[in-house]
Amino acid sequence: MANKLYTDAAAALEGVLFDGMTICAGGFGLCGIPERLIDAIEASGVKDLTIASNNAGIDGQGLGKLLRSRQVKKMISSYVGENKEFERQYLSGELEVEFCPQGTLAERCRAGGAGIPGFYTKTGVGTQVAEGKETKVFDGQEYILERGIRADLAIIKGWKADESGNLIFRKTARNFNQPMATAGKICVAEVEEIVPVGSLDPDTIHLPGIYVKRMIVGAPYDKQIEFRTVRERVPA
């Protein structure tokens with residue numbers, strides 16, 4: 001069994017990064033994002049990136065760091081969210097954005113990982129999402145053709161993995177990480193804990209180790225909150 005564990009994020013990404021590459025990034029907002037790998041990409045200075053991710057984090061956090069450093073040429077996303085720099089760059093024409101419905105984005109990455117080059121969906125029919133795309137009628141209903149996504153690199157965040165790369169996600173941190181992992185030619189995972197092979201119940205594994213080429217332990221993490229809301233106090 002090849003050793004998949006690397007000492008840190010920079011070592012795990014050595015020889016993988018290049019200008020103009022496409023990256024699939026797991027997570028949702030600031031939940032389940034590969035923080036250490038994002039930091040290493042920022043430090044590398046690689047540029048003209050195309051990144052497929054549900055969103056780009058928030059200003060100065062998550063993928064927002066790569067927007068701030070102007071390393072991203074194009075985002076394939078479903079949500080701008082709380083990221084004002086994302087919004088500013090898009091509206092000013094500095095950043096190319098391919099908006100994609102959230103479920104369609106997840107399926108495009110899943111399809112790419114499964115070797116499916118395209119699929120038809122009703123989502124987006126009659127909207128700007130459908131502009132320039134092939135359409136087809138099934139059972140009297142119109143569908144649009146969406147292309148599967150294949151990336152040069154997938155970066156994901158897991159909770160626990162064994163030494164062979166079998167990986168478990170924790171609760172909502174599973175969002176987008178699983179399909180992104182399969183869509184990359186190379187998948188690099190950061191996890192909170194690595195355990196010996198055989199320690200994980202096979203029925204609990206979300207991502208088989210065959211997809212994971214390199215790993216790092218990223219813990220400890222400072223859990224960030226994307227948008228904090230609190231309940232108003234009720235007068236006694």
# chains A, B, ... in the order shown; residues from 1 in each chain; ligands from 1
>>> residues_around(residues="Gly165 (chain A)", least_positions_apart="5", cutoff="8 Å", atoms="only C-alpha atoms", output="tab-separated table (two decimals) with N, CA and C atoms, in the first residue's frame")
chain	number	residue	atom	x	y	z
A	4	LYS	N	0.06	7.49	1.50
A	4	LYS	CA	-0.68	8.64	1.01
A	4	LYS	C	-0.56	9.84	1.93
A	208	PRO	N	-14.49	5.86	-0.79
A	208	PRO	CA	-13.46	4.82	-0.81
A	208	PRO	C	-12.08	5.41	-1.08
A	209	GLY	N	-11.08	4.78	-0.50
A	209	GLY	CA	-9.72	5.29	-0.59
A	209	GLY	C	-9.15	5.29	-2.00
A	210	ILE	N	-9.77	4.57	-2.93
A	210	ILE	CA	-9.25	4.55	-4.29
A	210	ILE	C	-9.28	5.94	-4.92
A	211	TYR	N	-10.19	6.80	-4.43
A	211	TYR	CA	-10.29	8.15	-4.98
A	211	TYR	C	-9.25	9.10	-4.38
A	212	VAL	N	-8.74	8.80	-3.21
A	212	VAL	CA	-7.86	9.72	-2.49
A	212	VAL	C	-6.40	9.37	-2.77
A	213	LYS	N	-5.69	10.31	-3.37
A	213	LYS	CA	-4.29	10.06	-3.74
A	213	LYS	C	-3.32	10.56	-2.66
A	214	ARG	N	-3.68	11.67	-2.00
A	214	ARG	CA	-2.80	12.26	-0.99
A	214	ARG	C	-3.65	12.77	0.17
A	215	MET	N	-3.05	12.74	1.37
A	215	MET	CA	-3.77	13.20	2.56
A	215	MET	C	-2.86	13.98	3.49
>>> select_by_dssp(residues="region 16-118 of chain A", states="strand (DSSP E)", output="NGL selection string")
:A and (22-25 or 49-52 or 72-77 or 96-99 or 118)
>>> residues_around(residues="Pro34 (chain A)", least_positions_apart="2", cutoff="12 Å", atoms="only C-alpha atoms", output="PyMOL selection string")
chain A and resi 9+24-32+36-41+53+57+61-63+154-159+173-174+176-177+180-181+187-192+215-219+221
>>> atom_distance(atom1="CA of Ala130 (chain A)", atom2="CA of Gly93 (chain A)")
21.2 Å
>>> atom_distance(atom1="CA of Glu42 (chain A)", atom2="CA of Val72 (chain A)")
10.2 Å
>>> closest_residue(among="A:Thr104, A:Gln128, A:Thr204, A:Thr22", to="Ile51 (chain A)", atoms="only C-alpha atoms")
A:Thr22
>>> closest_residue(among="A:Leu200, A:Ile33, A:Ala2, A:Ala236", to="Gln178 (chain A)", atoms="only C-alpha atoms")
A:Ile33
>>> closest_residue(among="A:Arg88, A:Lys136, A:Arg150, A:Tyr79", to="Ala114 (chain A)", atoms="only C-alpha atoms")
A:Arg150
>>> residues_around(residues="Ala52 (chain A)", least_positions_apart="2", cutoff="10 Å", atoms="only C-alpha atoms", output="PyMOL selection string")
chain A and resi 22-26+49-50+54-56+74-78+98+100+105-106+109+149-151+154+180
>>> write_last_selection(atoms="C-alpha atoms", output="PDB file, in the first residue's frame")
ATOM      1  CA  THR A  22      -9.321  23.610 -12.865  1.00  0.00           C
ATOM      2  CA  ILE A  23      -9.988  22.767  -9.212  1.00  0.00           C
ATOM      3  CA  CYS A  24     -13.060  21.200  -7.609  1.00  0.00           C
ATOM      4  CA  ALA A  25     -13.315  22.381  -4.008  1.00  0.00           C
ATOM      5  CA  GLY A  26     -15.526  20.673  -1.450  1.00  0.00           C
ATOM      6  CA  LEU A  49      -7.600  29.225 -11.729  1.00  0.00           C
ATOM      7  CA  THR A  50     -11.029  27.901 -12.608  1.00  0.00           C
ATOM      8  CA  ASN A  54     -20.871  25.820  -4.334  1.00  0.00           C
ATOM      9  CA  ASN A  55     -19.665  29.306  -3.399  1.00  0.00           C
ATOM     10  CA  ALA A  56     -16.448  31.135  -2.594  1.00  0.00           C
ATOM     11  CA  LYS A  74     -13.413  31.813 -13.186  1.00  0.00           C
ATOM     12  CA  MET A  75     -15.849  30.449 -10.616  1.00  0.00           C
ATOM     13  CA  ILE A  76     -18.410  27.744 -11.363  1.00  0.00           C
ATOM     14  CA  SER A  77     -20.822  28.283  -8.486  1.00  0.00           C
ATOM     15  CA  SER A  78     -24.448  28.296  -7.446  1.00  0.00           C
ATOM     16  CA  GLU A  98     -20.712  30.416 -14.491  1.00  0.00           C
ATOM     17  CA  CYS A 100     -25.143  26.741 -11.945  1.00  0.00           C
ATOM     18  CA  LEU A 105     -23.577  21.537  -9.898  1.00  0.00           C
ATOM     19  CA  ALA A 106     -23.413  18.559  -7.551  1.00  0.00           C
ATOM     20  CA  CYS A 109     -19.329  16.804 -10.581  1.00  0.00           C
ATOM     21  CA  ILE A 149     -17.228  18.456 -14.747  1.00  0.00           C
ATOM     22  CA  ARG A 150     -13.734  16.985 -14.665  1.00  0.00           C
ATOM     23  CA  ALA A 151     -11.014  18.850 -12.800  1.00  0.00           C
ATOM     24  CA  ALA A 154     -10.019  18.035  -6.181  1.00  0.00           C
ATOM     25  CA  MET A 180     -15.950  16.893  -5.834  1.00  0.00           C
TER      26      MET A 180
END
